[in-house]
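Structure first, then comments.
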Amino acid sequence: MKSLARHRRGLLPASLANLVFLYAPIVVLIVFSFNAARLPTAWEGFSLQWYVLLVRDHALAAALQNSVLIAAVSTVIATLLGVSAAVGLERLPWRRRVWLEGALLLPLVIPEVMMGVALLLLFVLVKMPLGLLTVTIGHAAFNVPVVLVIVRSRLHKLDPQLEEAARDLGATPWRAFRRVTLPLLQPAIVGAALLAFTVSLDDFVVTFFTAGPGATTLPLKVYSMIKTGISPEINALSTILVLASMGLVGLSLLFQRKRVHA
Amino acid sequence: MNQPSVELREVVKRHGSTVAVDHLSFSVRRGEFFSILGPSGSGKTTTLRLIAGFEHPDGGDILIDGRSIVDAPPNLRPVNLVFQQYALFPHLTVFGNVAFGLEMRDVARAEIQSRVGAALDMVQLAGKGDRLPAQLSGGEQQRVALARALVNRPAVLLLDEPLGALDQQLRQEMQGELKAIQEQVGVTCICVTHHQEEALTMSDRVAVMDHGRLLQVGTPQDIYDAPASLYVAEFIGLSNRLDGRLASVEGPHCRIEVPGLPAIQAAAPAGVEPGGRVTIIVRPERLHLSQQAAQGGFGNVVPARVAKAVYNGHEMQYQLRIAENLLWTVRVPNADGGQKRFLPGEAVMARWNRDESVVLAR
Amino acid sequence: MTTDSTGSRTNVCHRAWVLVPALIWMGLFFFLPLLIVLLISFASRGTYGGVEWTFTLANYRDLADPLYLWIYLRSCALALATTGLCLCLGFPLAYYIAGEPARRQGIWLMLVLIPFWTNFLVRTYAWMDVLRTDGLLNTVSMGAGLTSDPIEILYTDAAVLIGLVYGYLPFMVLPLYAAIERMDRSLIEAARDLYAPGWAVFVRVIVPLAKPGIVAGCLLVFTPSLGAYITPDLLGGARSMMIGNFIQHEYLVVRDWPLGSAASFVLMAMVSAGVWAYQRAGGERLL
């Protein structure tokens, strides 16, 4: 590392500046959520009034409930599909595998607008009313690659001879999977599910296009609040969302890092 | 009970366009320790996997105790494999690992307890049942792998380079232990290795493979003292080589003409006519060195100059220059009283008895 | 027909059937919708905003109209500018982190990633808060005497640029860091040993060696920036429409689905071109 040292000393200020750039808006957001004043031009003392307002907001509670419900259901679907896809892909010969894997990972590259719009058209054409179900379907669709990437990466690192050893010792393919592969994949699966849950909770664009009346999610509510006008209530809500996201992703990483002695 | 434990008949396996196993046929007797020896790419690992059931032959048949098992999946074969890297289940304890096969066959809890206990005793890991594989040393892991296989009382035990991952000291120890366990249990054992010394030390019989073909099957002594081909002769142990032409045959012996050297006497090879090209192989330990010119009772004498002299503790290893581009290795035990130690540059005479060489057609 | 590792002479695909449910789901709810969009892009707009199934290329032709073309060009320009700025800002940061001892590297990376995990809406809103005329930026700058009139940044291209750079900076830093971290240090030392001054070492050794990271980072920033929706919507307003907003506008406001679909597919083509350029520049498989 010594040869990098000479250049690096001058970079510390630049790096710190970058960090300030990254955190300042969020910090400002959080700080002003406790501002008693309505506008951030002046600080009028510490106050929790905006948080209190949030708690009393029924529409917000309903949106939260929707978000959690959609996230839960879509995560279960995406996890089941993602894990089975990861396992199935592993069994394919190389060429076909690369091609199919690329196809399944496509949603990660496509602009969200396209996906939202495409799903909207599908639902309209088959005359499916927009609502919680359509949002859930959309979320499950874009979360499959999320789960797939995480589980595939872990699966790839597993010693393939472990499943062979299980077969040699009398296990049928299913039992070998259940008793050996699955337990070893478990941390990755849980981590992936947590991440998918977070992504679903946070999603805006796809939800925007596929939600109907009565299917407002938290991000949609935040959006409409923002469009209505800036208010510290949004700051308060944002603060909660920020902390919740960080917590969930932190948990997800913790699970993925958990070593099953392999 | 003359039926062989394992029998391969004309087994063929292709990987893409290469033939990994080429019409392989051999049989292994019950209770025998049988090694398959060969360089990497010789097809020995493929053969093992074919017997274990992880690959399916493109032709031929594999029988265990007289029954064809070629169409049976690995979990239904009376065969257990000890993997080269052990493949211990990291999320199960030592007990869990060893018990796995028994659990898969729904053996009763009580019986599992006793059998696993006995297996761990046998590999000297009693009391370590609740450790995890990551907490064990390499040697201990290997024993767990062995116990995990043996506890199922397989008809055939397969070993894939069993001592490959161990250091020298441990290797020697394990060689002895492995053999002892195998004899105690009496299970038929097929071991795949590229390590000659191991194969010769532990096996009842050895099969030498190259490029998917079986070159020779025999006891370690047969393989070493009577190699059937030049490849086997040069693959096993060190060999000193002379290329020449068969001049004449006199009863069981013959004379061979080697350019630049006096005529060599050796045991007559089968199937070679006078005038045919042959190669003489002399093992390093069969050569005697002295500075006297006279024959002294041995069949062949060849002049040489010492190129290198290496002291190996229990022996001296000399490199002799026989001709312009021909170097020979000679091993002389240091306990051989009266044997002088030679220095590089000295002229010596290398002698060997005419029955102590191998003659092969070229 | 090949044999798989279980020794049974079955078609390998037979055992990969577990893949099928995922394929069906994605086929139905991802590929099929995209196909529909493609088909509709060749159809005509119905009288009340529906679709009339008559084949036409008019939609794609209409997109060539300078009005619409301008939106695409501006989006491209913004995406490129975002990429460039992210590169300039991110490279020093990545370089610095790569030189830190291993444990601190983890902490730095975590710090860079944490903002990324928070809700995108929230983060964009945070910038709205800062950039408005009575927001933090103006309060500070006027209070410090730097400006006498409030700077109107919000609802301009500049605000969108800031928002995009902010949102996608981690996407640049991470691949850069990975590439720099993997660099063979002895090459830098060799260059110095051969009398290269600092600047030359940077341009002729470090940058070429970090190229895979640079290329990956550029792709990871350019692609989502091109299709950005939230950032231009919240920070740009009506004056700074990008392709994403344009598509939404066509679908939900004007209700011209065929045009919107055509616009979507042109966006798709641009994204694909980006990915293709990435592969050509020798990009490794990212996933």
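So you can find residues: chains in the structure tokens are A, B, ... in the order shown, residues in each start at 1, and ligands are numbered from 1 in order.
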
May I ask you to extract the residues of chain B within 10 Å of chain C, using only C-alpha atoms, and to give them as a PDB file with all heavy atoms, in the first residue's frame?
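The resulting file, selection25.pdb, is reproduced below:
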```
ATOM      1  N   HIS B  15     -15.785 -37.992 -22.549  1.00  0.00           N
ATOM      2  CA  HIS B  15     -16.083 -36.617 -22.128  1.00  0.00           C
ATOM      3  C   HIS B  15     -15.931 -35.749 -23.353  1.00  0.00           C
ATOM      4  O   HIS B  15     -14.829 -35.394 -23.746  1.00  0.00           O
ATOM      5  CB  HIS B  15     -15.096 -36.151 -21.052  1.00  0.00           C
ATOM      6  CG  HIS B  15     -15.355 -36.752 -19.708  1.00  0.00           C
ATOM      7  ND1 HIS B  15     -14.379 -36.968 -18.783  1.00  0.00           N
ATOM      8  CD2 HIS B  15     -16.499 -37.178 -19.124  1.00  0.00           C
ATOM      9  CE1 HIS B  15     -14.905 -37.497 -17.705  1.00  0.00           C
ATOM     10  NE2 HIS B  15     -16.184 -37.637 -17.880  1.00  0.00           N
ATOM     11  N   GLY B  16     -17.053 -35.434 -23.988  1.00  0.00           N
ATOM     12  CA  GLY B  16     -16.955 -34.672 -25.221  1.00  0.00           C
ATOM     13  C   GLY B  16     -16.284 -35.540 -26.260  1.00  0.00           C
ATOM     14  O   GLY B  16     -16.727 -36.648 -26.544  1.00  0.00           O
ATOM     15  N   ARG B  49     -15.530 -42.561 -10.253  1.00  0.00           N
ATOM     16  CA  ARG B  49     -16.845 -41.930 -10.273  1.00  0.00           C
ATOM     17  C   ARG B  49     -17.869 -42.806 -10.980  1.00  0.00           C
ATOM     18  O   ARG B  49     -19.053 -42.778 -10.658  1.00  0.00           O
ATOM     19  CB  ARG B  49     -16.755 -40.555 -10.943  1.00  0.00           C
ATOM     20  CG  ARG B  49     -16.058 -39.524 -10.058  1.00  0.00           C
ATOM     21  CD  ARG B  49     -15.858 -38.220 -10.786  1.00  0.00           C
ATOM     22  NE  ARG B  49     -17.109 -37.547 -11.079  1.00  0.00           N
ATOM     23  CZ  ARG B  49     -17.737 -36.725 -10.252  1.00  0.00           C
ATOM     24  NH1 ARG B  49     -17.224 -36.496  -9.067  1.00  0.00           N
ATOM     25  NH2 ARG B  49     -18.861 -36.152 -10.603  1.00  0.00           N
ATOM     26  N   LEU B  50     -17.404 -43.584 -11.948  1.00  0.00           N
ATOM     27  CA  LEU B  50     -18.316 -44.508 -12.625  1.00  0.00           C
ATOM     28  C   LEU B  50     -18.783 -45.586 -11.649  1.00  0.00           C
ATOM     29  O   LEU B  50     -19.952 -45.951 -11.637  1.00  0.00           O
ATOM     30  CB  LEU B  50     -17.612 -45.162 -13.830  1.00  0.00           C
ATOM     31  CG  LEU B  50     -17.465 -44.273 -15.066  1.00  0.00           C
ATOM     32  CD1 LEU B  50     -16.477 -44.887 -16.044  1.00  0.00           C
ATOM     33  CD2 LEU B  50     -18.819 -44.063 -15.737  1.00  0.00           C
ATOM     34  N   ILE B  51     -17.860 -46.062 -10.848  1.00  0.00           N
ATOM     35  CA  ILE B  51     -18.242 -47.090  -9.880  1.00  0.00           C
ATOM     36  C   ILE B  51     -19.157 -46.500  -8.812  1.00  0.00           C
ATOM     37  O   ILE B  51     -20.116 -47.134  -8.373  1.00  0.00           O
ATOM     38  CB  ILE B  51     -16.987 -47.715  -9.224  1.00  0.00           C
ATOM     39  CG1 ILE B  51     -16.072 -48.331 -10.287  1.00  0.00           C
ATOM     40  CG2 ILE B  51     -17.390 -48.789  -8.213  1.00  0.00           C
ATOM     41  CD1 ILE B  51     -14.750 -48.852  -9.734  1.00  0.00           C
ATOM     42  N   ALA B  52     -18.864 -45.259  -8.422  1.00  0.00           N
ATOM     43  CA  ALA B  52     -19.679 -44.635  -7.377  1.00  0.00           C
ATOM     44  C   ALA B  52     -21.060 -44.256  -7.876  1.00  0.00           C
ATOM     45  O   ALA B  52     -22.012 -44.162  -7.110  1.00  0.00           O
ATOM     46  CB  ALA B  52     -18.978 -43.387  -6.837  1.00  0.00           C
ATOM     47  N   GLY B  53     -21.157 -44.005  -9.178  1.00  0.00           N
ATOM     48  CA  GLY B  53     -22.459 -43.691  -9.741  1.00  0.00           C
ATOM     49  C   GLY B  53     -22.640 -42.236 -10.118  1.00  0.00           C
ATOM     50  O   GLY B  53     -23.743 -41.813 -10.483  1.00  0.00           O
ATOM     51  N   PHE B  54     -21.569 -41.439 -10.067  1.00  0.00           N
ATOM     52  CA  PHE B  54     -21.729 -40.030 -10.427  1.00  0.00           C
ATOM     53  C   PHE B  54     -21.591 -39.803 -11.912  1.00  0.00           C
ATOM     54  O   PHE B  54     -21.817 -38.707 -12.404  1.00  0.00           O
ATOM     55  CB  PHE B  54     -20.710 -39.174  -9.674  1.00  0.00           C
ATOM     56  CG  PHE B  54     -20.911 -39.223  -8.192  1.00  0.00           C
ATOM     57  CD1 PHE B  54     -19.905 -39.672  -7.366  1.00  0.00           C
ATOM     58  CD2 PHE B  54     -22.119 -38.853  -7.633  1.00  0.00           C
ATOM     59  CE1 PHE B  54     -20.100 -39.743  -5.999  1.00  0.00           C
ATOM     60  CE2 PHE B  54     -22.319 -38.918  -6.271  1.00  0.00           C
ATOM     61  CZ  PHE B  54     -21.309 -39.367  -5.456  1.00  0.00           C
ATOM     62  N   GLU B  55     -21.166 -40.832 -12.607  1.00  0.00           N
ATOM     63  CA  GLU B  55     -21.159 -40.743 -14.061  1.00  0.00           C
ATOM     64  C   GLU B  55     -21.679 -42.050 -14.600  1.00  0.00           C
ATOM     65  O   GLU B  55     -21.570 -43.102 -13.957  1.00  0.00           O
ATOM     66  CB  GLU B  55     -19.744 -40.463 -14.569  1.00  0.00           C
ATOM     67  CG  GLU B  55     -19.202 -39.148 -14.046  1.00  0.00           C
ATOM     68  CD  GLU B  55     -18.057 -38.607 -14.873  1.00  0.00           C
ATOM     69  OE1 GLU B  55     -18.031 -38.823 -16.099  1.00  0.00           O
ATOM     70  OE2 GLU B  55     -17.183 -37.969 -14.274  1.00  0.00           O
ATOM     71  N   HIS B  56     -22.245 -41.977 -15.798  1.00  0.00           N
ATOM     72  CA  HIS B  56     -22.831 -43.157 -16.392  1.00  0.00           C
ATOM     73  C   HIS B  56     -21.999 -43.574 -17.599  1.00  0.00           C
ATOM     74  O   HIS B  56     -21.683 -42.736 -18.434  1.00  0.00           O
ATOM     75  CB  HIS B  56     -24.267 -42.829 -16.832  1.00  0.00           C
ATOM     76  CG  HIS B  56     -25.078 -44.042 -17.107  1.00  0.00           C
ATOM     77  ND1 HIS B  56     -25.056 -44.694 -18.311  1.00  0.00           N
ATOM     78  CD2 HIS B  56     -25.942 -44.731 -16.329  1.00  0.00           C
ATOM     79  CE1 HIS B  56     -25.869 -45.732 -18.261  1.00  0.00           C
ATOM     80  NE2 HIS B  56     -26.413 -45.765 -17.076  1.00  0.00           N
ATOM     81  N   PRO B  57     -21.604 -44.844 -17.657  1.00  0.00           N
ATOM     82  CA  PRO B  57     -20.739 -45.257 -18.774  1.00  0.00           C
ATOM     83  C   PRO B  57     -21.456 -45.205 -20.115  1.00  0.00           C
ATOM     84  O   PRO B  57     -22.669 -45.400 -20.193  1.00  0.00           O
ATOM     85  CB  PRO B  57     -20.359 -46.691 -18.421  1.00  0.00           C
ATOM     86  CG  PRO B  57     -21.400 -47.165 -17.479  1.00  0.00           C
ATOM     87  CD  PRO B  57     -21.929 -45.970 -16.770  1.00  0.00           C
ATOM     88  N   ASP B  58     -20.698 -44.934 -21.145  1.00  0.00           N
ATOM     89  CA  ASP B  58     -21.270 -44.944 -22.487  1.00  0.00           C
ATOM     90  C   ASP B  58     -21.296 -46.350 -23.059  1.00  0.00           C
ATOM     91  O   ASP B  58     -21.917 -46.593 -24.084  1.00  0.00           O
ATOM     92  CB  ASP B  58     -20.448 -44.023 -23.404  1.00  0.00           C
ATOM     93  CG  ASP B  58     -20.528 -42.575 -22.976  1.00  0.00           C
ATOM     94  OD1 ASP B  58     -21.640 -42.129 -22.640  1.00  0.00           O
ATOM     95  OD2 ASP B  58     -19.481 -41.907 -22.969  1.00  0.00           O
ATOM     96  N   VAL B  70     -25.016 -50.608 -13.024  1.00  0.00           N
ATOM     97  CA  VAL B  70     -24.796 -49.494 -13.938  1.00  0.00           C
ATOM     98  C   VAL B  70     -25.984 -48.528 -14.014  1.00  0.00           C
ATOM     99  O   VAL B  70     -25.832 -47.341 -14.208  1.00  0.00           O
ATOM    100  CB  VAL B  70     -24.418 -50.069 -15.309  1.00  0.00           C
ATOM    101  CG1 VAL B  70     -25.102 -49.339 -16.421  1.00  0.00           C
ATOM    102  CG2 VAL B  70     -22.926 -50.038 -15.487  1.00  0.00           C
ATOM    103  N   ASP B  71     -27.198 -49.055 -13.843  1.00  0.00           N
ATOM    104  CA  ASP B  71     -28.359 -48.179 -13.950  1.00  0.00           C
ATOM    105  C   ASP B  71     -28.852 -47.672 -12.598  1.00  0.00           C
ATOM    106  O   ASP B  71     -29.866 -46.996 -12.519  1.00  0.00           O
ATOM    107  CB  ASP B  71     -29.503 -48.917 -14.671  1.00  0.00           C
ATOM    108  CG  ASP B  71     -29.178 -49.099 -16.141  1.00  0.00           C
ATOM    109  OD1 ASP B  71     -28.685 -48.135 -16.749  1.00  0.00           O
ATOM    110  OD2 ASP B  71     -29.385 -50.208 -16.660  1.00  0.00           O
ATOM    111  N   ALA B  72     -28.129 -48.004 -11.544  1.00  0.00           N
ATOM    112  CA  ALA B  72     -28.585 -47.563 -10.227  1.00  0.00           C
ATOM    113  C   ALA B  72     -27.992 -46.194  -9.899  1.00  0.00           C
ATOM    114  O   ALA B  72     -26.815 -45.956 -10.161  1.00  0.00           O
ATOM    115  CB  ALA B  72     -28.157 -48.579  -9.172  1.00  0.00           C
ATOM    116  N   PRO B  73     -28.792 -45.286  -9.308  1.00  0.00           N
ATOM    117  CA  PRO B  73     -28.248 -43.992  -8.897  1.00  0.00           C
ATOM    118  C   PRO B  73     -27.325 -44.184  -7.694  1.00  0.00           C
ATOM    119  O   PRO B  73     -27.408 -45.213  -7.029  1.00  0.00           O
ATOM    120  CB  PRO B  73     -29.481 -43.183  -8.532  1.00  0.00           C
ATOM    121  CG  PRO B  73     -30.526 -44.174  -8.217  1.00  0.00           C
ATOM    122  CD  PRO B  73     -30.229 -45.402  -9.024  1.00  0.00           C
ATOM    123  N   PRO B  74     -26.458 -43.218  -7.406  1.00  0.00           N
ATOM    124  CA  PRO B  74     -25.454 -43.398  -6.360  1.00  0.00           C
ATOM    125  C   PRO B  74     -26.032 -43.747  -4.989  1.00  0.00           C
ATOM    126  O   PRO B  74     -25.402 -44.473  -4.232  1.00  0.00           O
ATOM    127  CB  PRO B  74     -24.719 -42.062  -6.287  1.00  0.00           C
ATOM    128  CG  PRO B  74     -25.384 -41.163  -7.237  1.00  0.00           C
ATOM    129  CD  PRO B  74     -26.351 -41.913  -8.054  1.00  0.00           C
ATOM    130  N   ASN B  75     -27.229 -43.246  -4.694  1.00  0.00           N
ATOM    131  CA  ASN B  75     -27.750 -43.516  -3.364  1.00  0.00           C
ATOM    132  C   ASN B  75     -28.270 -44.939  -3.204  1.00  0.00           C
ATOM    133  O   ASN B  75     -28.583 -45.365  -2.101  1.00  0.00           O
ATOM    134  CB  ASN B  75     -28.838 -42.513  -2.987  1.00  0.00           C
ATOM    135  CG  ASN B  75     -29.914 -42.392  -4.053  1.00  0.00           C
ATOM    136  OD1 ASN B  75     -29.599 -42.193  -5.215  1.00  0.00           O
ATOM    137  ND2 ASN B  75     -31.156 -42.524  -3.674  1.00  0.00           N
TER     138      ASN B  75
END
```

Would you mind listing what lies within 10 Å of C:Ile214 as a ChimeraX atom specification, with only C-alpha atoms counted and same-chain residues fewer than 2 positions away left out? /C:87,90-91,172-173,175-177,179-180,207-212,216-220,283

Dump N, CA, C and O atoms for the selected residues as a short mmCIF file (atom, residue, chain, number, x, y, z; two decimals), in the first residue's frame?
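The file below, selection12.cif, is the result:
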```cif
data_model
loop_
_atom_site.label_atom_id
_atom_site.label_comp_id
_atom_site.auth_asym_id
_atom_site.auth_seq_id
_atom_site.Cartn_x
_atom_site.Cartn_y
_atom_site.Cartn_z
N LEU C 87 -17.78 10.32 -11.97
CA LEU C 87 -16.42 9.81 -12.16
C LEU C 87 -15.41 10.73 -11.48
O LEU C 87 -14.53 10.29 -10.75
N GLY C 90 -16.07 10.51 -7.72
CA GLY C 90 -15.94 9.17 -7.16
C GLY C 90 -14.53 8.61 -7.21
O GLY C 90 -14.13 7.85 -6.32
N PHE C 91 -13.77 8.98 -8.22
CA PHE C 91 -12.44 8.41 -8.36
C PHE C 91 -11.54 8.71 -7.17
O PHE C 91 -10.94 7.79 -6.60
N MET C 172 -20.87 4.41 -8.79
CA MET C 172 -19.59 4.65 -9.43
C MET C 172 -18.46 4.28 -8.48
O MET C 172 -17.46 3.69 -8.87
N VAL C 173 -18.63 4.64 -7.23
CA VAL C 173 -17.56 4.43 -6.27
C VAL C 173 -17.25 2.95 -6.08
O VAL C 173 -16.09 2.55 -6.05
N PRO C 175 -17.63 0.01 -8.04
CA PRO C 175 -16.82 -0.69 -9.03
C PRO C 175 -15.41 -0.10 -9.14
O PRO C 175 -14.44 -0.84 -9.33
N LEU C 176 -15.30 1.22 -9.01
CA LEU C 176 -13.98 1.84 -9.05
C LEU C 176 -13.12 1.32 -7.92
O LEU C 176 -11.96 0.95 -8.12
N TYR C 177 -13.71 1.30 -6.76
CA TYR C 177 -12.97 0.80 -5.60
C TYR C 177 -12.50 -0.62 -5.85
O TYR C 177 -11.36 -0.97 -5.59
N ALA C 179 -11.93 -2.18 -8.62
CA ALA C 179 -10.87 -2.28 -9.62
C ALA C 179 -9.55 -1.76 -9.06
O ALA C 179 -8.50 -2.35 -9.28
N ILE C 180 -9.59 -0.65 -8.34
CA ILE C 180 -8.35 -0.07 -7.81
C ILE C 180 -7.76 -0.99 -6.75
O ILE C 180 -6.55 -1.18 -6.65
N VAL C 207 -4.84 4.99 -14.35
CA VAL C 207 -6.11 5.02 -15.07
C VAL C 207 -6.30 3.79 -15.97
O VAL C 207 -7.36 3.16 -15.92
N PRO C 208 -5.30 3.43 -16.79
CA PRO C 208 -5.51 2.24 -17.61
C PRO C 208 -5.79 0.99 -16.77
O PRO C 208 -6.60 0.15 -17.15
N LEU C 209 -5.09 0.86 -15.62
CA LEU C 209 -5.32 -0.32 -14.80
C LEU C 209 -6.70 -0.31 -14.17
O LEU C 209 -7.30 -1.35 -13.92
N ALA C 210 -7.20 0.88 -13.90
CA ALA C 210 -8.52 0.97 -13.27
C ALA C 210 -9.63 0.93 -14.30
O ALA C 210 -10.81 1.02 -13.95
N LYS C 211 -9.25 0.79 -15.55
CA LYS C 211 -10.24 0.88 -16.63
C LYS C 211 -11.48 0.00 -16.45
O LYS C 211 -12.60 0.47 -16.62
N PRO C 212 -11.33 -1.28 -16.07
CA PRO C 212 -12.55 -2.09 -15.90
C PRO C 212 -13.52 -1.46 -14.91
O PRO C 212 -14.72 -1.46 -15.12
N ALA C 216 -17.25 -0.09 -15.80
CA ALA C 216 -18.40 -0.63 -15.07
C ALA C 216 -19.17 0.49 -14.37
O ALA C 216 -20.39 0.57 -14.45
N GLY C 217 -18.40 1.37 -13.70
CA GLY C 217 -19.05 2.47 -13.00
C GLY C 217 -19.84 3.35 -13.95
O GLY C 217 -20.97 3.75 -13.65
N CYS C 218 -19.26 3.65 -15.11
CA CYS C 218 -19.97 4.49 -16.07
C CYS C 218 -21.28 3.84 -16.52
O CYS C 218 -22.31 4.50 -16.61
N LEU C 219 -21.23 2.55 -16.77
CA LEU C 219 -22.45 1.87 -17.18
C LEU C 219 -23.49 1.92 -16.09
O LEU C 219 -24.66 2.24 -16.32
N LEU C 220 -23.06 1.66 -14.85
CA LEU C 220 -23.99 1.60 -13.74
C LEU C 220 -24.60 2.95 -13.41
O LEU C 220 -25.62 3.03 -12.74
N GLY C 283 -16.00 -4.72 -20.89
CA GLY C 283 -16.57 -4.84 -19.57
C GLY C 283 -16.76 -6.30 -19.16
O GLY C 283 -17.12 -7.12 -19.98
#
```

Restricting the calculation to only C-alpha atoms, which member of B:Val208, B:Leu215, B:Leu136, B:Leu8 is positioned closest to chain A? B:Leu136

Quick one: which chain A residues come within 8 Å of chain B, and what is the nearest atom pair for each with the distance in Å to one decimal, counting only C-alpha atoms, rows ordered by chain and ascending number, as CSV?
```
residue,atom,partner,partner_atom,distance
A:Asp159,CA,B:Ala87,CA,7.6
A:Gln161,CA,B:Ala87,CA,5.9
A:Leu162,CA,B:Ala87,CA,5.3
A:Glu164,CA,B:Phe54,CA,7.6
A:Ala165,CA,B:Ala87,CA,6.5
A:Ala166,CA,B:Gly101,CA,7.8
A:Arg167,CA,B:Asn75,CA,5.0
A:Asp168,CA,B:Asn75,CA,5.1
A:Leu169,CA,B:Gly101,CA,4.5
A:Gly170,CA,B:Asn75,CA,3.8
A:Ala171,CA,B:Asn75,CA,5.6
A:Thr172,CA,B:Asn75,CA,6.4
A:Val180,CA,B:Phe89,CA,7.1
A:Pro183,CA,B:His91,CA,7.5
A:Leu184,CA,B:His91,CA,7.0
A:Val260,CA,B:His91,CA,6.0
A:His261,CA,B:Pro90,CA,5.6
A:Ala262,CA,B:Pro90,CA,5.6
```

Within 10 Å of stretch 255-270 of chain C using only C-alpha atoms, minus same-chain residues under 2 positions, as a VMD selection string: (chain A and resid 109 to 111 113 to 115 117 to 118 121) or (chain C and resid 34 36 to 53 56 to 63 68 72 76 223 226 to 227 243 to 244 246 to 253 272 to 276)

Any idea what the distance is between atom CA of B:Val330 and atom CA of B:Lys308? 10.4 Å

Quick check for you: according to DSSP on this backbone, which residues of stretch 160-316 of chain B are classed as helix (DSSP H, G or I)? Reply as a PyMOL selection string. chain B and resi 168-185+196-202+220-225+230-235+284-286

Non-local contacts of B:Leu63 (7 Å; only C-alpha atoms; under 5 positions in same chain excluded) as a ChimeraX atom specification: /B:6-8,68-69

Using only C-alpha atoms, select each residue of chain A with any atom at most 6 Å away from an atom of chain C, and give the selection as JSON, numbers by chain. {"A": [8, 15, 25, 29, 81, 84, 85, 88, 91, 111, 118, 119, 122, 202, 238, 242, 245]}

Please produce an output containing N, CA and C atoms for each residue in the selection, written as a tab-separated table (two decimals), in the first residue's frame.
```
chain	number	residue	atom	x	y	z
A	8	ARG	N	-2.32	9.67	-1.78
A	8	ARG	CA	-3.53	9.59	-0.99
A	8	ARG	C	-3.69	10.71	0.01
A	15	SER	N	-12.18	13.19	-0.14
A	15	SER	CA	-13.02	12.07	0.25
A	15	SER	C	-14.02	12.48	1.32
A	25	PRO	N	-27.69	16.23	3.08
A	25	PRO	CA	-29.14	16.37	2.92
A	25	PRO	C	-29.93	15.51	3.92
A	29	LEU	N	-32.42	16.76	6.77
A	29	LEU	CA	-33.78	16.24	6.81
A	29	LEU	C	-34.15	15.82	8.23
A	81	LEU	N	-39.63	-18.16	-5.98
A	81	LEU	CA	-39.25	-18.23	-7.39
A	81	LEU	C	-37.75	-18.04	-7.56
A	84	SER	N	-35.76	-21.20	-6.38
A	84	SER	CA	-35.90	-22.31	-7.32
A	84	SER	C	-35.17	-22.00	-8.62
A	85	ALA	N	-35.20	-20.74	-9.05
A	85	ALA	CA	-34.48	-20.37	-10.26
A	85	ALA	C	-32.98	-20.55	-10.06
A	88	GLY	N	-32.23	-24.23	-10.08
A	88	GLY	CA	-32.41	-24.77	-11.42
A	88	GLY	C	-31.29	-24.35	-12.36
A	91	ARG	N	-28.08	-26.30	-12.35
A	91	ARG	CA	-28.07	-27.63	-12.94
A	91	ARG	C	-27.96	-27.61	-14.46
A	111	PRO	N	-35.02	0.37	-17.27
A	111	PRO	CA	-35.51	1.50	-16.49
A	111	PRO	C	-36.86	1.17	-15.88
A	118	ALA	N	-45.17	-1.05	-18.83
A	118	ALA	CA	-45.48	-2.33	-19.47
A	118	ALA	C	-46.52	-3.11	-18.66
A	119	LEU	N	-46.31	-3.15	-17.35
A	119	LEU	CA	-47.27	-3.87	-16.50
A	119	LEU	C	-48.64	-3.21	-16.57
A	122	LEU	N	-50.35	-4.35	-19.60
A	122	LEU	CA	-50.79	-5.74	-19.48
A	122	LEU	C	-52.11	-5.82	-18.71
A	202	ASP	N	-39.78	0.22	-0.43
A	202	ASP	CA	-39.29	1.50	-0.92
A	202	ASP	C	-39.73	1.84	-2.33
A	238	SER	N	-39.90	10.90	6.58
A	238	SER	CA	-38.67	10.50	5.91
A	238	SER	C	-37.66	9.95	6.90
A	242	VAL	N	-35.98	6.40	6.67
A	242	VAL	CA	-34.53	6.23	6.57
A	242	VAL	C	-34.03	5.24	7.61
A	245	SER	N	-35.24	1.63	6.77
A	245	SER	CA	-34.48	1.02	5.67
A	245	SER	C	-33.12	0.58	6.14
```
